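Quick look at run.json (JSON, C-alpha atoms and all ligand atoms):
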```json
[["chain", "number", "residue", "atom", "x", "y", "z"],
["I", 1, "MET", "CA", -34.74, -12.92, -105.12],
["I", 2, "LYS", "CA", -38.01, -14.75, -104.71],
["I", 3, "GLN", "CA", -38.79, -15.28, -101.04],
["I", 4, "SER", "CA", -40.12, -18.65, -99.92],
["I", 5, "LEU", "CA", -41.24, -20.50, -96.82],
["I", 6, "PRO", "CA", -38.37, -22.08, -94.89],
["I", 7, "VAL", "CA", -38.51, -25.85, -94.65],
["I", 8, "LEU", "CA", -39.57, -26.93, -91.17],
["I", 9, "PRO", "CA", -37.21, -29.53, -89.66],
["I", 10, "TYR", "CA", -40.08, -31.07, -87.68],
["I", 11, "ALA", "CA", -43.68, -32.20, -88.15],
["I", 12, "PHE", "CA", -46.70, -30.02, -87.39],
["I", 13, "ASP", "CA", -47.43, -32.16, -84.32],
["I", 14, "ALA", "CA", -43.87, -31.91, -82.99],
["I", 15, "PHE", "CA", -44.85, -29.46, -80.27],
["I", 16, "GLU", "CA", -47.90, -31.25, -78.91],
["I", 17, "PRO", "CA", -49.29, -30.69, -76.34],
["I", 18, "TYR", "CA", -47.78, -27.20, -76.01],
["I", 19, "ILE", "CA", -48.65, -26.03, -79.52],
["I", 20, "ASP", "CA", -51.23, -28.13, -81.33],
["I", 21, "ALA", "CA", -50.68, -29.55, -84.81],
["I", 22, "ARG", "CA", -53.61, -27.71, -86.41],
["I", 23, "THR", "CA", -52.35, -24.34, -85.19],
["I", 24, "MET", "CA", -48.87, -25.11, -86.50],
["I", 25, "GLU", "CA", -50.25, -26.17, -89.89],
["I", 26, "VAL", "CA", -52.50, -23.13, -90.34],
["I", 27, "HIS", "CA", -49.87, -20.76, -88.98],
["I", 28, "TYR", "CA", -47.20, -22.02, -91.37],
["I", 29, "THR", "CA", -49.15, -22.90, -94.52],
["I", 30, "LYS", "CA", -51.66, -20.05, -94.39],
["I", 31, "HIS", "CA", -50.45, -17.11, -92.30],
["I", 32, "HIS", "CA", -46.74, -17.32, -93.08],
["I", 33, "GLN", "CA", -47.37, -18.22, -96.71],
["I", 34, "THR", "CA", -49.53, -15.11, -97.10],
["I", 35, "TYR", "CA", -46.73, -12.88, -95.80],
["I", 36, "VAL", "CA", -44.36, -14.49, -98.31],
["I", 37, "ASP", "CA", -46.79, -14.09, -101.22],
["I", 38, "LYS", "CA", -47.59, -10.46, -100.47],
["I", 39, "LEU", "CA", -43.91, -9.64, -99.95],
["I", 40, "ASN", "CA", -43.06, -11.19, -103.32],
["I", 41, "ALA", "CA", -45.81, -9.16, -104.97],
["I", 42, "VAL", "CA", -44.01, -5.98, -103.88],
["I", 43, "LEU", "CA", -40.49, -7.20, -104.56],
["I", 44, "ASP", "CA", -41.55, -8.22, -108.09],
["I", 45, "LYS", "CA", -42.04, -4.52, -108.83],
["I", 46, "HIS", "CA", -38.55, -3.55, -107.62],
["I", 47, "HIS", "CA", -35.85, -5.62, -109.27],
["I", 48, "ASP", "CA", -33.20, -3.33, -107.80],
["I", 49, "LEU", "CA", -34.02, -4.91, -104.43],
["I", 50, "ALA", "CA", -33.67, -8.46, -105.72],
["I", 51, "ALA", "CA", -30.05, -8.89, -104.64],
["I", 52, "MET", "CA", -30.46, -7.29, -101.22],
["I", 53, "PRO", "CA", -31.02, -9.57, -98.22],
["I", 54, "LEU", "CA", -34.38, -8.95, -96.61],
["I", 55, "GLU", "CA", -32.74, -7.99, -93.30],
["I", 56, "GLU", "CA", -30.85, -5.24, -95.12],
["I", 57, "ILE", "CA", -34.00, -4.04, -96.87],
["I", 58, "MET", "CA", -35.59, -3.69, -93.43],
["I", 59, "MET", "CA", -32.65, -1.76, -92.00],
["I", 60, "LYS", "CA", -32.67, 0.65, -94.95],
["I", 61, "LEU", "CA", -36.43, 0.74, -95.50],
["I", 62, "SER", "CA", -37.01, 4.35, -94.45],
["I", 63, "LYS", "CA", -34.31, 5.54, -96.87],
["I", 64, "LEU", "CA", -35.28, 3.47, -99.90],
["I", 65, "HIS", "CA", -36.93, 5.21, -102.83],
["I", 66, "LEU", "CA", -40.27, 3.45, -102.67],
["I", 67, "SER", "CA", -43.84, 4.63, -102.39],
["I", 68, "ASP", "CA", -45.29, 4.80, -98.89],
["I", 69, "ALA", "CA", -47.66, 1.97, -99.82],
["I", 70, "ASP", "CA", -44.78, -0.29, -100.87],
["I", 71, "LYS", "CA", -42.79, 0.58, -97.74],
["I", 72, "THR", "CA", -45.79, -0.32, -95.61],
["I", 73, "ALA", "CA", -46.26, -3.59, -97.49],
["I", 74, "ILE", "CA", -42.59, -4.53, -97.02],
["I", 75, "ARG", "CA", -42.74, -3.52, -93.35],
["I", 76, "ASN", "CA", -45.78, -5.72, -92.76],
["I", 77, "HIS", "CA", -45.17, -8.71, -95.02],
["I", 78, "GLY", "CA", -41.36, -8.64, -95.02],
["I", 79, "GLY", "CA", -41.54, -8.35, -91.24],
["I", 80, "GLY", "CA", -44.05, -11.18, -91.15],
["I", 81, "HIS", "CA", -41.75, -13.38, -93.22],
["I", 82, "LEU", "CA", -38.61, -12.62, -91.18],
["I", 83, "ASN", "CA", -40.38, -12.90, -87.84],
["I", 84, "HIS", "CA", -42.01, -16.24, -88.58],
["I", 85, "SER", "CA", -38.84, -17.68, -90.13],
["I", 86, "LEU", "CA", -37.02, -16.93, -86.86],
["I", 87, "PHE", "CA", -39.94, -18.24, -84.80],
["I", 88, "TRP", "CA", -39.83, -21.67, -86.50],
["I", 89, "HIS", "CA", -36.06, -21.77, -86.18],
["I", 90, "ILE", "CA", -35.82, -21.14, -82.44],
["I", 91, "MET", "CA", -38.35, -23.85, -81.59],
["I", 92, "SER", "CA", -37.56, -27.55, -81.51],
["I", 93, "PRO", "CA", -38.88, -30.76, -79.95],
["I", 94, "GLN", "CA", -35.38, -31.15, -78.47],
["I", 95, "LYS", "CA", -33.65, -28.54, -76.36],
["I", 96, "ASP", "CA", -30.44, -27.16, -77.86],
["I", 97, "ARG", "CA", -29.21, -24.80, -75.15],
["I", 98, "ASP", "CA", -27.17, -21.79, -76.23],
["I", 99, "GLU", "CA", -24.72, -21.56, -73.33],
["I", 100, "SER", "CA", -23.13, -18.27, -74.37],
["I", 101, "LEU", "CA", -26.56, -16.67, -74.74],
["I", 102, "ILE", "CA", -27.59, -18.04, -71.34],
["I", 103, "THR", "CA", -24.48, -16.53, -69.74],
["I", 104, "GLU", "CA", -25.19, -13.20, -71.38],
["I", 105, "ILE", "CA", -28.84, -13.25, -70.32],
["I", 106, "LYS", "CA", -27.80, -13.88, -66.71],
["I", 107, "GLY", "CA", -25.33, -11.01, -66.89],
["I", 108, "THR", "CA", -27.90, -8.62, -68.34],
["I", 109, "PHE", "CA", -31.12, -9.56, -66.55],
["I", 110, "GLY", "CA", -29.79, -11.08, -63.28],
["I", 111, "SER", "CA", -30.92, -14.66, -63.82],
["I", 112, "LEU", "CA", -32.76, -16.83, -66.33],
["I", 113, "ASP", "CA", -35.83, -16.67, -64.09],
["I", 114, "GLU", "CA", -35.80, -12.87, -64.03],
["I", 115, "PHE", "CA", -35.44, -12.80, -67.81],
["I", 116, "THR", "CA", -38.29, -15.29, -68.26],
["I", 117, "GLN", "CA", -40.50, -13.27, -65.94],
["I", 118, "LEU", "CA", -39.74, -9.99, -67.72],
["I", 119, "PHE", "CA", -40.40, -11.55, -71.14],
["I", 120, "THR", "CA", -43.60, -13.23, -69.93],
["I", 121, "ASP", "CA", -44.87, -9.98, -68.40],
["I", 122, "LYS", "CA", -44.27, -8.19, -71.71],
["I", 123, "ALA", "CA", -46.26, -10.90, -73.50],
["I", 124, "ALA", "CA", -49.12, -10.60, -71.02],
["I", 125, "THR", "CA", -49.41, -6.83, -71.26],
["I", 126, "LEU", "CA", -48.93, -6.36, -75.01],
["I", 127, "PHE", "CA", -52.19, -4.89, -76.26],
["I", 128, "GLY", "CA", -53.43, -6.21, -79.56],
["I", 129, "SER", "CA", -51.31, -8.11, -82.07],
["I", 130, "GLY", "CA", -47.54, -8.12, -81.92],
["I", 131, "TRP", "CA", -44.38, -9.85, -80.79],
["I", 132, "VAL", "CA", -42.15, -9.94, -77.73],
["I", 133, "TRP", "CA", -38.48, -9.69, -78.59],
["I", 134, "LEU", "CA", -35.09, -10.40, -77.12],
["I", 135, "VAL", "CA", -32.75, -8.45, -79.37],
["I", 136, "ARG", "CA", -29.17, -7.33, -79.60],
["I", 137, "ASN", "CA", -29.48, -3.59, -79.94],
["I", 138, "ASP", "CA", -27.33, -1.16, -81.90],
["I", 139, "LYS", "CA", -25.00, -0.91, -78.87],
["I", 140, "LYS", "CA", -24.61, -4.73, -78.91],
["I", 141, "LYS", "CA", -26.54, -5.07, -75.63],
["I", 142, "LEU", "CA", -29.41, -7.46, -75.00],
["I", 143, "GLU", "CA", -32.80, -5.83, -74.68],
["I", 144, "VAL", "CA", -36.40, -7.05, -74.23],
["I", 145, "TYR", "CA", -39.35, -5.17, -75.69],
["I", 146, "THR", "CA", -42.55, -5.59, -77.64],
["I", 147, "LEU", "CA", -43.29, -4.40, -81.16],
["I", 148, "PRO", "CA", -46.77, -4.09, -82.68],
["I", 149, "ASN", "CA", -48.05, -5.93, -85.75],
["I", 150, "GLN", "CA", -45.23, -7.56, -87.76],
["I", 151, "ASP", "CA", -42.67, -4.82, -87.14],
["I", 152, "SER", "CA", -39.16, -6.27, -87.31],
["I", 153, "PRO", "CA", -36.36, -5.33, -84.89],
["I", 154, "TYR", "CA", -34.21, -4.92, -88.02],
["I", 155, "LEU", "CA", -36.18, -1.72, -88.75],
["I", 156, "THR", "CA", -34.19, -0.08, -85.95],
["I", 157, "ASP", "CA", -30.94, -1.93, -86.70],
["I", 158, "HIS", "CA", -31.50, -4.41, -83.86],
["I", 159, "THR", "CA", -30.85, -8.12, -84.34],
["I", 160, "PRO", "CA", -33.66, -10.38, -83.13],
["I", 161, "ILE", "CA", -32.56, -13.40, -81.08],
["I", 162, "ILE", "CA", -35.81, -14.69, -79.56],
["I", 163, "GLY", "CA", -39.25, -13.69, -80.78],
["I", 164, "LEU", "CA", -42.61, -14.80, -79.42],
["I", 165, "ASP", "CA", -45.64, -14.43, -81.65],
["I", 166, "VAL", "CA", -48.59, -13.26, -79.54],
["I", 167, "TRP", "CA", -51.01, -12.69, -82.39],
["I", 168, "GLU", "CA", -54.18, -14.63, -81.61],
["I", 169, "HIS", "CA", -53.62, -16.77, -84.73],
["I", 170, "ALA", "CA", -50.62, -18.28, -82.88],
["I", 171, "TYR", "CA", -52.71, -19.77, -80.08],
["I", 172, "TYR", "CA", -56.45, -19.21, -80.49],
["I", 173, "LEU", "CA", -57.47, -22.71, -81.68],
["I", 174, "LYS", "CA", -56.07, -24.37, -78.56],
["I", 175, "TYR", "CA", -56.02, -21.62, -75.95],
["I", 176, "GLN", "CA", -58.78, -19.21, -77.11],
["I", 177, "ASN", "CA", -58.28, -16.05, -75.01],
["I", 178, "ARG", "CA", -55.88, -17.69, -72.52],
["I", 179, "ARG", "CA", -52.70, -16.05, -73.78],
["I", 180, "ALA", "CA", -50.84, -16.61, -70.49],
["I", 181, "GLU", "CA", -51.27, -20.40, -70.83],
["I", 182, "TYR", "CA", -49.88, -20.29, -74.36],
["I", 183, "VAL", "CA", -46.88, -18.25, -73.26],
["I", 184, "ALA", "CA", -46.18, -20.57, -70.32],
["I", 185, "ALA", "CA", -46.38, -23.61, -72.63],
["I", 186, "TRP", "CA", -44.17, -22.02, -75.30],
["I", 187, "TRP", "CA", -41.08, -21.94, -73.09],
["I", 188, "ASN", "CA", -41.08, -25.75, -73.36],
["I", 189, "VAL", "CA", -40.45, -25.64, -77.11],
["I", 190, "LEU", "CA", -37.97, -22.76, -77.19],
["I", 191, "LYS", "CA", -34.80, -24.72, -77.85],
["I", 192, "LEU", "CA", -32.20, -22.13, -76.80],
["I", 193, "LEU", "CA", -33.01, -22.03, -73.09],
["I", 194, "PRO", "CA", -33.41, -24.84, -70.54],
["C", 1, "MN", "MN", -47.93, -15.55, -86.59]]
```

Mind turning the file's structure into structure tokens?
Amino acid sequence: MKQSLPVLPYAFDAFEPYIDARTMEVHYTKHHQTYVDKLNAVLDKHHDLAAMPLEEIMMKLSKLHLSDADKTAIRNHGGGHLNHSLFWHIMSPQKDRDESLITEIKGTFGSLDEFTQLFTDKAATLFGSGWVWLVRNDKKKLEVYTLPNQDSPYLTDHTPIIGLDVWEHAYYLKYQNRRAEYVAAWWNVLKLLP
């Protein structure tokens, strides 16, 4: 099926002053759109994949009968599409706390503060472009780690819950090289946690 940009349930300026409107607009209409377009260009060549959800394509990617070039394109652009779709979804101008997730985070990482610190440290030390993830791993446990580029946790059968985009395109217009300021501001628009 043809992939498309998800509709944003908020305006580009909804996250001011934490994330500026221009960054949101470029990020969504240019960067995310490009991942969608390049993913569709590959999927158009493989109609056998049309009925398969993108998450499932990711989980099975290494076993699919595709050229290495097409696998790489799906990994990059399919990952880019999935990652950004989740990113828009977990942010909101209004908090919408997920109490069961909060309880589980406390049980796994000790406290919300310890989780936030761990996640923030991962964001600070990730070299180059990539994402910080809170996932449910294949043993159903919560785990925090970084992945490079647009690699999706689904590639290793993990389910992403929270993802933070630390590519420079996510913050450069407002924060330039000050990634730590962007990360600190971003917690304010993550709707799941207080
Ligand atoms: Mn991005």

Expected selection as a PDB file with C-alpha atoms, keeping the file's coordinate frame for ligand MN 1 (chain C) within 6 Å, only C-alpha atoms and all ligand atoms:
```
ATOM      1  CA  ASP I 165     -45.640 -14.430 -81.650  1.00  0.00           C
ATOM      2  CA  TRP I 167     -51.010 -12.690 -82.390  1.00  0.00           C
ATOM      3  CA  ALA I 170     -50.620 -18.280 -82.880  1.00  0.00           C
TER       4      ALA I 170
END
```

**OP:** Calculate how many Å separate CA of Gly163 (chain I) from CA of Trp133 (chain I), rounding to one decimal.
**Re:**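 It comes out at 4.6 Å.
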
Original post:
Could you pull the residues within 7 Å of Ser129 (chain I), counting all atoms listed in the file, minus those fewer than 6 positions along the same chain, as an MDAnalysis selection string?
Top reply: chainID I and resid 148:149 166:167

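Here CA of Trp186 (chain I) is placed at a distance of 16.3 Å from CA of Ser85 (chain I).
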
Original post:
Counting all atoms listed in the file, which of I:Leu192, I:Met58, I:Val135, I:Leu112 gets nearest to Asn76 (chain I)?
Top reply: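 Among I:Leu192, I:Met58, I:Val135, I:Leu112, it is I:Met58 that comes nearest to Asn76 (chain I).
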
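Ranking I:Val42, I:Val144, I:Leu49, I:Leu193 by their shortest atom-to-atom distance to Lys122 (chain I), with all atoms listed in the file included, puts I:Val144 first.
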
Subject >> Point-to-point distance from CA of Thr159 (chain I) to CA of Asn137 (chain I), Å rounded to tenths >> reply: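 One can read the CA of Thr159 (chain I) to CA of Asn137 (chain I) distance as 6.5 Å.
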
Original post:
Which residues come within 10 Å of Phe119 (chain I), counting all atoms listed in the file, excluding same-chain residues fewer than 4 positions away, as a ChimeraX atom specification?
Top reply: /I:113-115,123-124,132-134,144-146,163-164,183

For region 157-173 of chain I, supply N, CA, C and O atoms and report the output as an mmCIF file, keeping the file's coordinate frame.
```cif
data_model
loop_
_atom_site.group_PDB
_atom_site.id
_atom_site.type_symbol
_atom_site.label_atom_id
_atom_site.label_comp_id
_atom_site.auth_asym_id
_atom_site.auth_seq_id
_atom_site.Cartn_x
_atom_site.Cartn_y
_atom_site.Cartn_z
ATOM 1 N N ASP I 157 -32.323 -1.450 -86.716
ATOM 2 C CA ASP I 157 -30.940 -1.930 -86.700
ATOM 3 C C ASP I 157 -30.656 -2.808 -85.485
ATOM 4 O O ASP I 157 -29.518 -2.856 -85.013
ATOM 5 N N HIS I 158 -31.683 -3.449 -84.942
ATOM 6 C CA HIS I 158 -31.500 -4.410 -83.860
ATOM 7 C C HIS I 158 -31.579 -5.819 -84.447
ATOM 8 O O HIS I 158 -32.323 -6.048 -85.403
ATOM 9 N N THR I 159 -30.825 -6.746 -83.853
ATOM 10 C CA THR I 159 -30.850 -8.120 -84.340
ATOM 11 C C THR I 159 -31.720 -8.978 -83.431
ATOM 12 O O THR I 159 -31.424 -9.119 -82.242
ATOM 13 N N PRO I 160 -32.809 -9.541 -83.967
ATOM 14 C CA PRO I 160 -33.660 -10.380 -83.130
ATOM 15 C C PRO I 160 -32.979 -11.699 -82.786
ATOM 16 O O PRO I 160 -32.319 -12.303 -83.635
ATOM 17 N N ILE I 161 -33.132 -12.124 -81.536
ATOM 18 C CA ILE I 161 -32.560 -13.400 -81.080
ATOM 19 C C ILE I 161 -33.680 -14.375 -80.718
ATOM 20 O O ILE I 161 -33.673 -15.526 -81.133
ATOM 21 N N ILE I 162 -34.631 -13.892 -79.923
ATOM 22 C CA ILE I 162 -35.810 -14.690 -79.560
ATOM 23 C C ILE I 162 -37.035 -13.836 -79.832
ATOM 24 O O ILE I 162 -37.090 -12.674 -79.411
ATOM 25 N N GLY I 163 -38.005 -14.394 -80.541
ATOM 26 C CA GLY I 163 -39.250 -13.690 -80.780
ATOM 27 C C GLY I 163 -40.429 -14.594 -80.438
ATOM 28 O O GLY I 163 -40.426 -15.776 -80.800
ATOM 29 N N LEU I 164 -41.389 -14.047 -79.743
ATOM 30 C CA LEU I 164 -42.610 -14.800 -79.420
ATOM 31 C C LEU I 164 -43.799 -14.124 -80.100
ATOM 32 O O LEU I 164 -44.089 -12.948 -79.867
ATOM 33 N N ASP I 165 -44.455 -14.893 -80.929
ATOM 34 C CA ASP I 165 -45.640 -14.430 -81.650
ATOM 35 C C ASP I 165 -46.833 -14.450 -80.706
ATOM 36 O O ASP I 165 -47.231 -15.516 -80.241
ATOM 37 N N VAL I 166 -47.392 -13.277 -80.376
ATOM 38 C CA VAL I 166 -48.590 -13.260 -79.540
ATOM 39 C C VAL I 166 -49.811 -12.740 -80.290
ATOM 40 O O VAL I 166 -50.774 -12.272 -79.695
ATOM 41 N N TRP I 167 -49.773 -12.846 -81.622
ATOM 42 C CA TRP I 167 -51.010 -12.690 -82.390
ATOM 43 C C TRP I 167 -51.961 -13.824 -81.992
ATOM 44 O O TRP I 167 -51.519 -14.956 -81.760
ATOM 45 N N GLU I 168 -53.237 -13.561 -81.983
ATOM 46 C CA GLU I 168 -54.180 -14.630 -81.610
ATOM 47 C C GLU I 168 -54.075 -15.837 -82.537
ATOM 48 O O GLU I 168 -54.313 -16.964 -82.113
ATOM 49 N N HIS I 169 -53.693 -15.619 -83.813
ATOM 50 C CA HIS I 169 -53.620 -16.770 -84.730
ATOM 51 C C HIS I 169 -52.580 -17.797 -84.259
ATOM 52 O O HIS I 169 -52.583 -18.932 -84.708
ATOM 53 N N ALA I 170 -51.667 -17.373 -83.373
ATOM 54 C CA ALA I 170 -50.620 -18.280 -82.880
ATOM 55 C C ALA I 170 -51.128 -19.226 -81.805
ATOM 56 O O ALA I 170 -50.458 -20.214 -81.490
ATOM 57 N N TYR I 171 -52.286 -18.940 -81.224
ATOM 58 C CA TYR I 171 -52.710 -19.770 -80.080
ATOM 59 C C TYR I 171 -54.219 -19.945 -79.946
ATOM 60 O O TYR I 171 -54.682 -20.742 -79.127
ATOM 61 N N TYR I 172 -55.017 -19.272 -80.774
ATOM 62 C CA TYR I 172 -56.450 -19.210 -80.490
ATOM 63 C C TYR I 172 -57.158 -20.573 -80.572
ATOM 64 O O TYR I 172 -58.056 -20.860 -79.774
ATOM 65 N N LEU I 173 -56.767 -21.424 -81.513
ATOM 66 C CA LEU I 173 -57.470 -22.710 -81.680
ATOM 67 C C LEU I 173 -57.392 -23.561 -80.428
ATOM 68 O O LEU I 173 -58.353 -24.236 -80.060
#
```
